[in-house]
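> What follows is structure_33.txt; its format and atoms are compact mmCIF, N, CA, C and O atoms.
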```
# COMPACT_ATOMS: atom_id res chain seq x y z
N MET I 1 112.27 94.66 104.27
CA MET I 1 111.70 95.28 105.45
C MET I 1 110.45 94.49 105.81
O MET I 1 109.62 94.21 104.96
N GLY I 2 110.31 94.16 107.07
CA GLY I 2 109.17 93.40 107.53
C GLY I 2 107.89 94.23 107.57
O GLY I 2 107.92 95.45 107.60
N GLU I 3 106.77 93.52 107.57
CA GLU I 3 105.47 94.19 107.58
C GLU I 3 105.29 95.07 108.82
O GLU I 3 104.70 96.13 108.76
N ALA I 4 105.82 94.64 109.95
CA ALA I 4 105.68 95.42 111.19
C ALA I 4 106.34 96.79 111.05
O ALA I 4 105.88 97.77 111.64
N ALA I 5 107.41 96.87 110.26
CA ALA I 5 108.12 98.13 110.07
C ALA I 5 107.28 99.13 109.26
O ALA I 5 107.60 100.30 109.24
N LEU I 6 106.23 98.66 108.62
CA LEU I 6 105.40 99.55 107.80
C LEU I 6 104.20 100.10 108.58
O LEU I 6 103.46 100.93 108.07
N VAL I 7 104.02 99.65 109.81
CA VAL I 7 102.91 100.14 110.63
C VAL I 7 103.13 101.62 110.90
O VAL I 7 104.21 102.05 111.30
N GLY I 8 102.11 102.42 110.66
CA GLY I 8 102.20 103.85 110.90
C GLY I 8 102.83 104.65 109.77
O GLY I 8 102.94 105.86 109.86
N VAL I 9 103.24 103.98 108.70
CA VAL I 9 103.82 104.67 107.55
C VAL I 9 102.70 105.39 106.80
O VAL I 9 101.62 104.85 106.61
N THR I 10 102.96 106.62 106.40
CA THR I 10 101.97 107.40 105.66
C THR I 10 102.34 107.38 104.18
O THR I 10 103.40 107.88 103.79
N TRP I 11 101.46 106.81 103.39
CA TRP I 11 101.68 106.74 101.95
C TRP I 11 101.08 107.97 101.28
O TRP I 11 100.05 108.46 101.70
N GLN I 12 101.75 108.46 100.24
CA GLN I 12 101.31 109.68 99.55
C GLN I 12 101.29 109.43 98.05
O GLN I 12 102.22 108.85 97.49
N LYS I 13 100.22 109.91 97.39
CA LYS I 13 100.11 109.88 95.94
C LYS I 13 100.26 111.31 95.43
O LYS I 13 99.95 112.26 96.14
N SER I 14 100.65 111.43 94.21
CA SER I 14 100.72 112.75 93.57
C SER I 14 99.32 113.32 93.42
O SER I 14 98.36 112.60 93.16
N ALA I 15 99.20 114.63 93.55
CA ALA I 15 97.93 115.30 93.30
C ALA I 15 97.50 115.09 91.86
O ALA I 15 96.31 115.17 91.54
N ALA I 16 98.43 114.80 90.97
CA ALA I 16 98.11 114.55 89.56
C ALA I 16 97.31 113.27 89.38
O ALA I 16 96.69 113.07 88.33
N CYS I 17 97.27 112.41 90.38
CA CYS I 17 96.46 111.19 90.31
C CYS I 17 94.98 111.53 90.24
O CYS I 17 94.19 110.74 89.74
N ASN I 18 94.60 112.67 90.78
CA ASN I 18 93.25 113.18 90.64
C ASN I 18 92.18 112.19 91.10
O ASN I 18 91.14 112.07 90.47
N GLY I 19 92.46 111.44 92.14
CA GLY I 19 91.48 110.50 92.67
C GLY I 19 91.51 109.13 92.02
O GLY I 19 90.80 108.23 92.43
N TYR I 20 92.31 108.96 90.98
CA TYR I 20 92.42 107.66 90.33
C TYR I 20 93.16 106.68 91.23
O TYR I 20 94.03 107.07 92.01
N GLU I 21 92.84 105.42 91.11
CA GLU I 21 93.52 104.39 91.90
C GLU I 21 94.83 103.95 91.25
O GLU I 21 95.67 103.36 91.90
N ASP I 22 94.99 104.20 89.97
CA ASP I 22 96.17 103.73 89.24
C ASP I 22 97.33 104.71 89.39
O ASP I 22 97.64 105.46 88.48
N CYS I 23 97.94 104.68 90.56
CA CYS I 23 99.03 105.61 90.83
C CYS I 23 100.14 104.91 91.60
O CYS I 23 99.97 103.83 92.14
N VAL I 24 101.25 105.58 91.68
CA VAL I 24 102.37 105.13 92.51
C VAL I 24 102.27 105.91 93.82
O VAL I 24 102.00 107.10 93.82
N GLU I 25 102.47 105.21 94.93
CA GLU I 25 102.48 105.85 96.24
C GLU I 25 103.89 105.77 96.81
O GLU I 25 104.62 104.81 96.56
N VAL I 26 104.28 106.79 97.56
CA VAL I 26 105.60 106.82 98.19
C VAL I 26 105.44 107.06 99.68
O VAL I 26 104.46 107.66 100.12
N ALA I 27 106.42 106.60 100.44
CA ALA I 27 106.40 106.81 101.89
C ALA I 27 107.82 106.83 102.43
O ALA I 27 108.70 106.12 101.93
N ARG I 28 108.03 107.67 103.42
CA ARG I 28 109.31 107.67 104.16
C ARG I 28 109.22 106.51 105.14
O ARG I 28 108.28 106.41 105.91
N LEU I 29 110.20 105.64 105.13
CA LEU I 29 110.21 104.46 105.99
C LEU I 29 110.96 104.74 107.29
O LEU I 29 111.74 105.71 107.37
N ALA I 30 110.74 103.91 108.27
CA ALA I 30 111.35 104.10 109.59
C ALA I 30 112.88 104.12 109.53
O ALA I 30 113.53 104.80 110.32
N ASN I 31 113.46 103.42 108.55
CA ASN I 31 114.92 103.37 108.44
C ASN I 31 115.49 104.54 107.64
O ASN I 31 116.68 104.60 107.36
N GLY I 32 114.62 105.49 107.22
CA GLY I 32 115.07 106.66 106.47
C GLY I 32 114.99 106.48 104.96
O GLY I 32 115.13 107.46 104.23
N ASN I 33 114.80 105.26 104.50
CA ASN I 33 114.67 105.03 103.06
C ASN I 33 113.27 105.42 102.60
O ASN I 33 112.43 105.81 103.40
N VAL I 34 113.04 105.30 101.30
CA VAL I 34 111.75 105.64 100.72
C VAL I 34 111.18 104.39 100.06
O VAL I 34 111.88 103.69 99.33
N GLY I 35 109.90 104.12 100.34
CA GLY I 35 109.23 102.98 99.73
C GLY I 35 108.29 103.44 98.63
O GLY I 35 107.69 104.51 98.72
N PHE I 36 108.16 102.63 97.59
CA PHE I 36 107.24 102.85 96.49
C PHE I 36 106.34 101.64 96.37
O PHE I 36 106.79 100.51 96.55
N ARG I 37 105.06 101.86 96.09
CA ARG I 37 104.14 100.75 95.86
C ARG I 37 103.06 101.17 94.87
O ARG I 37 102.85 102.36 94.62
N ASN I 38 102.37 100.20 94.32
CA ASN I 38 101.26 100.42 93.41
C ASN I 38 100.02 100.66 94.25
O ASN I 38 99.67 99.84 95.10
N SER I 39 99.32 101.76 94.03
CA SER I 39 98.16 102.08 94.86
C SER I 39 97.01 101.08 94.69
O SER I 39 96.18 100.94 95.57
N ARG I 40 96.98 100.36 93.57
CA ARG I 40 95.96 99.34 93.38
C ARG I 40 96.24 98.09 94.20
O ARG I 40 95.37 97.26 94.38
N LEU I 41 97.47 97.95 94.67
CA LEU I 41 97.88 96.76 95.41
C LEU I 41 98.51 97.16 96.75
O LEU I 41 99.69 96.90 96.99
N PRO I 42 97.75 97.78 97.64
CA PRO I 42 98.33 98.28 98.88
C PRO I 42 98.94 97.20 99.78
O PRO I 42 99.82 97.49 100.58
N ASP I 43 98.51 95.97 99.61
CA ASP I 43 99.11 94.87 100.37
C ASP I 43 100.14 94.11 99.56
O ASP I 43 100.66 93.08 100.00
N GLY I 44 100.41 94.60 98.36
CA GLY I 44 101.36 93.95 97.48
C GLY I 44 102.79 94.35 97.80
O GLY I 44 103.07 94.95 98.84
N PRO I 45 103.71 94.07 96.90
CA PRO I 45 105.12 94.35 97.13
C PRO I 45 105.43 95.84 97.16
O PRO I 45 104.72 96.66 96.57
N MET I 46 106.49 96.15 97.86
CA MET I 46 107.00 97.52 97.95
C MET I 46 108.45 97.47 97.48
O MET I 46 109.15 96.50 97.74
N VAL I 47 108.87 98.52 96.79
CA VAL I 47 110.27 98.66 96.39
C VAL I 47 110.87 99.74 97.27
O VAL I 47 110.28 100.80 97.46
N GLU I 48 112.05 99.47 97.81
CA GLU I 48 112.69 100.39 98.76
C GLU I 48 113.97 100.97 98.17
O GLU I 48 114.77 100.23 97.59
N PHE I 49 114.14 102.28 98.32
CA PHE I 49 115.32 102.97 97.80
C PHE I 49 115.94 103.83 98.89
O PHE I 49 115.24 104.36 99.75
N THR I 50 117.25 104.00 98.81
CA THR I 50 117.93 104.93 99.71
C THR I 50 117.69 106.35 99.20
O THR I 50 117.27 106.55 98.05
N GLY I 51 118.00 107.31 100.03
CA GLY I 51 117.87 108.70 99.62
C GLY I 51 118.73 109.02 98.42
O GLY I 51 118.32 109.74 97.51
N ALA I 52 119.95 108.48 98.37
CA ALA I 52 120.86 108.72 97.25
C ALA I 52 120.31 108.13 95.95
O ALA I 52 120.40 108.75 94.89
N GLU I 53 119.74 106.93 96.04
CA GLU I 53 119.16 106.30 94.85
C GLU I 53 117.97 107.11 94.34
O GLU I 53 117.85 107.36 93.14
N LEU I 54 117.13 107.55 95.24
CA LEU I 54 115.96 108.34 94.85
C LEU I 54 116.39 109.68 94.27
O LEU I 54 115.85 110.13 93.25
N SER I 55 117.38 110.30 94.87
CA SER I 55 117.88 111.58 94.38
C SER I 55 118.41 111.45 92.95
O SER I 55 118.14 112.31 92.10
N ALA I 56 119.16 110.39 92.67
CA ALA I 56 119.70 110.17 91.33
C ALA I 56 118.57 109.97 90.33
O ALA I 56 118.60 110.53 89.22
N PHE I 57 117.55 109.20 90.72
CA PHE I 57 116.42 108.98 89.82
C PHE I 57 115.66 110.29 89.55
O PHE I 57 115.36 110.62 88.41
N LEU I 58 115.35 111.03 90.61
CA LEU I 58 114.61 112.28 90.44
C LEU I 58 115.39 113.29 89.61
O LEU I 58 114.81 114.05 88.83
N SER I 59 116.69 113.29 89.73
CA SER I 59 117.52 114.17 88.90
C SER I 59 117.33 113.82 87.43
O SER I 59 117.21 114.70 86.57
N GLY I 60 117.29 112.53 87.14
CA GLY I 60 117.05 112.08 85.76
C GLY I 60 115.67 112.46 85.27
O GLY I 60 115.49 112.83 84.11
N VAL I 61 114.67 112.38 86.15
CA VAL I 61 113.31 112.77 85.79
C VAL I 61 113.28 114.25 85.43
O VAL I 61 112.72 114.64 84.40
N VAL I 62 113.89 115.08 86.26
CA VAL I 62 113.90 116.53 86.02
C VAL I 62 114.60 116.84 84.69
O VAL I 62 114.17 117.73 83.96
N LYS I 63 115.63 116.08 84.34
CA LYS I 63 116.36 116.31 83.10
C LYS I 63 115.65 115.73 81.88
O LYS I 63 116.12 115.89 80.77
N GLY I 64 114.54 115.03 82.11
CA GLY I 64 113.78 114.49 80.99
C GLY I 64 114.27 113.15 80.49
O GLY I 64 113.84 112.67 79.44
N GLU I 65 115.16 112.50 81.22
CA GLU I 65 115.74 111.24 80.78
C GLU I 65 114.73 110.10 80.66
O GLU I 65 114.99 109.11 79.98
N PHE I 66 113.59 110.23 81.30
CA PHE I 66 112.60 109.16 81.31
C PHE I 66 111.31 109.55 80.59
O PHE I 66 110.31 108.84 80.66
N ASP I 67 111.33 110.67 79.89
CA ASP I 67 110.13 111.14 79.20
C ASP I 67 109.61 110.13 78.20
O ASP I 67 108.40 110.05 77.96
N TRP I 68 110.49 109.33 77.63
CA TRP I 68 110.08 108.33 76.64
C TRP I 68 109.12 107.31 77.23
O TRP I 68 108.35 106.68 76.50
N MET I 69 109.09 107.16 78.55
CA MET I 69 108.24 106.14 79.17
C MET I 69 106.76 106.52 79.14
O MET I 69 105.90 105.66 79.27
N THR I 70 106.45 107.78 78.98
CA THR I 70 105.06 108.22 79.04
C THR I 70 104.54 108.73 77.70
O THR I 70 103.44 109.26 77.63
N SER I 71 105.34 108.59 76.66
CA SER I 71 104.88 109.10 75.35
C SER I 71 104.49 107.97 74.43
O SER I 71 104.65 106.85 74.64
```
Now, as a test, write the supplied structure out as C-alpha cells.

Amino acid sequence: MGEAALVGVTWQKSAACNGYEDCVEVARLANGNVGFRNSRLPDGPMVEFTGAELSAFLSGVVKGEFDWMTS
C-alpha cells in the first residue's frame, strides 16, 4: 500500500500501553484491511492483514495459543 493511501488513517494503541511508546498500533485501511505498526517507528514499515487473517489470529489469542510469547 502506498504512503498516500495512509493519509487520514487513524492509528490506535491499546489502553494497556498506558502512555508507553513501546506498543503496537492498528488502523483500518482504506481498502478494508488492517494495518499494524510499531509505535516507536511511525514512519517505519507497516504489516497489512485481511479481516479473515486478523480474525484467525485473534481467535488464537483468545484461546491462549500465543501466551508463550509474553511469559
> Pick from I:Ser55, I:Ser39, I:Gln12, I:Thr70: nearest to I:Val26, with only C-alpha atoms counted?
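Of I:Ser55, I:Ser39, I:Gln12, I:Thr70, the one nearest I:Val26 is I:Gln12, counting only C-alpha atoms.
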> To one decimal in Å, tell me the separation between atom O of I:Asn38 and atom O of I:Phe57.
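Straight-line distance from atom O of I:Asn38 to atom O of I:Phe57 works out to 20.2 Å.
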> Which distance in Å separates atom CA of I:Asn33 and atom N of I:Ala15, to one decimal?
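Answer for the atom CA of I:Asn33 to atom N of I:Ala15 separation: 20.5 Å.
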> Just list as an mmCIF file with N, CA, C and O atoms, in the coordinates of the input whatever in chain I DSSP marks as alpha helix (DSSP H).

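Final output, part01.cif:
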```
data_model
loop_
_atom_site.group_PDB
_atom_site.id
_atom_site.type_symbol
_atom_site.label_atom_id
_atom_site.label_comp_id
_atom_site.auth_asym_id
_atom_site.auth_seq_id
_atom_site.Cartn_x
_atom_site.Cartn_y
_atom_site.Cartn_z
ATOM 1 N N GLY I 51 118.000 107.310 100.030
ATOM 2 C CA GLY I 51 117.870 108.700 99.620
ATOM 3 C C GLY I 51 118.730 109.020 98.420
ATOM 4 O O GLY I 51 118.320 109.740 97.510
ATOM 5 N N ALA I 52 119.950 108.480 98.370
ATOM 6 C CA ALA I 52 120.860 108.720 97.250
ATOM 7 C C ALA I 52 120.310 108.130 95.950
ATOM 8 O O ALA I 52 120.400 108.750 94.890
ATOM 9 N N GLU I 53 119.740 106.930 96.040
ATOM 10 C CA GLU I 53 119.160 106.300 94.850
ATOM 11 C C GLU I 53 117.970 107.110 94.340
ATOM 12 O O GLU I 53 117.850 107.360 93.140
ATOM 13 N N LEU I 54 117.130 107.550 95.240
ATOM 14 C CA LEU I 54 115.960 108.340 94.850
ATOM 15 C C LEU I 54 116.390 109.680 94.270
ATOM 16 O O LEU I 54 115.850 110.130 93.250
ATOM 17 N N SER I 55 117.380 110.300 94.870
ATOM 18 C CA SER I 55 117.880 111.580 94.380
ATOM 19 C C SER I 55 118.410 111.450 92.950
ATOM 20 O O SER I 55 118.140 112.310 92.100
ATOM 21 N N ALA I 56 119.160 110.390 92.670
ATOM 22 C CA ALA I 56 119.700 110.170 91.330
ATOM 23 C C ALA I 56 118.570 109.970 90.330
ATOM 24 O O ALA I 56 118.600 110.530 89.220
ATOM 25 N N PHE I 57 117.550 109.200 90.720
ATOM 26 C CA PHE I 57 116.420 108.980 89.820
ATOM 27 C C PHE I 57 115.660 110.290 89.550
ATOM 28 O O PHE I 57 115.360 110.620 88.410
ATOM 29 N N LEU I 58 115.350 111.030 90.610
ATOM 30 C CA LEU I 58 114.610 112.280 90.440
ATOM 31 C C LEU I 58 115.390 113.290 89.610
ATOM 32 O O LEU I 58 114.810 114.050 88.830
ATOM 33 N N SER I 59 116.690 113.290 89.730
ATOM 34 C CA SER I 59 117.520 114.170 88.900
ATOM 35 C C SER I 59 117.330 113.820 87.430
ATOM 36 O O SER I 59 117.210 114.700 86.570
ATOM 37 N N GLY I 60 117.290 112.530 87.140
ATOM 38 C CA GLY I 60 117.050 112.080 85.760
ATOM 39 C C GLY I 60 115.670 112.460 85.270
ATOM 40 O O GLY I 60 115.490 112.830 84.110
ATOM 41 N N VAL I 61 114.670 112.380 86.150
ATOM 42 C CA VAL I 61 113.310 112.770 85.790
ATOM 43 C C VAL I 61 113.280 114.250 85.430
ATOM 44 O O VAL I 61 112.720 114.640 84.400
ATOM 45 N N VAL I 62 113.890 115.080 86.260
ATOM 46 C CA VAL I 62 113.900 116.530 86.020
ATOM 47 C C VAL I 62 114.600 116.840 84.690
ATOM 48 O O VAL I 62 114.170 117.730 83.960
#
```
> May I have the residues within 6 Å of I:Arg40 as a PyMOL selection string, using all atoms listed in the file and disregarding those fewer than 4 positions away in the same chain?
chain I and resi 21-23
> Atoms to include: N, CA, C and O atoms. Write the selected residues as a PDB file, keeping the file's coordinate frame.

```
ATOM      1  N   GLU I  21      92.840 105.420  91.110  1.00  0.00           N
ATOM      2  CA  GLU I  21      93.520 104.390  91.900  1.00  0.00           C
ATOM      3  C   GLU I  21      94.830 103.950  91.250  1.00  0.00           C
ATOM      4  O   GLU I  21      95.670 103.360  91.900  1.00  0.00           O
ATOM      5  N   ASP I  22      94.990 104.200  89.970  1.00  0.00           N
ATOM      6  CA  ASP I  22      96.170 103.730  89.240  1.00  0.00           C
ATOM      7  C   ASP I  22      97.330 104.710  89.390  1.00  0.00           C
ATOM      8  O   ASP I  22      97.640 105.460  88.480  1.00  0.00           O
ATOM      9  N   CYS I  23      97.940 104.680  90.560  1.00  0.00           N
ATOM     10  CA  CYS I  23      99.030 105.610  90.830  1.00  0.00           C
ATOM     11  C   CYS I  23     100.140 104.910  91.600  1.00  0.00           C
ATOM     12  O   CYS I  23      99.970 103.830  92.140  1.00  0.00           O
TER      13      CYS I  23
END
```
> Go through I:Asp43, I:Phe66, I:Ser71, I:Thr50 one by one, measure the shortest atom-to-atom distance of each to I:Asn31 using all atoms listed in the file, and give the residue with the smallest value.
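Between I:Asp43, I:Phe66, I:Ser71, I:Thr50, the residue approaching I:Asn31 most closely is I:Thr50.
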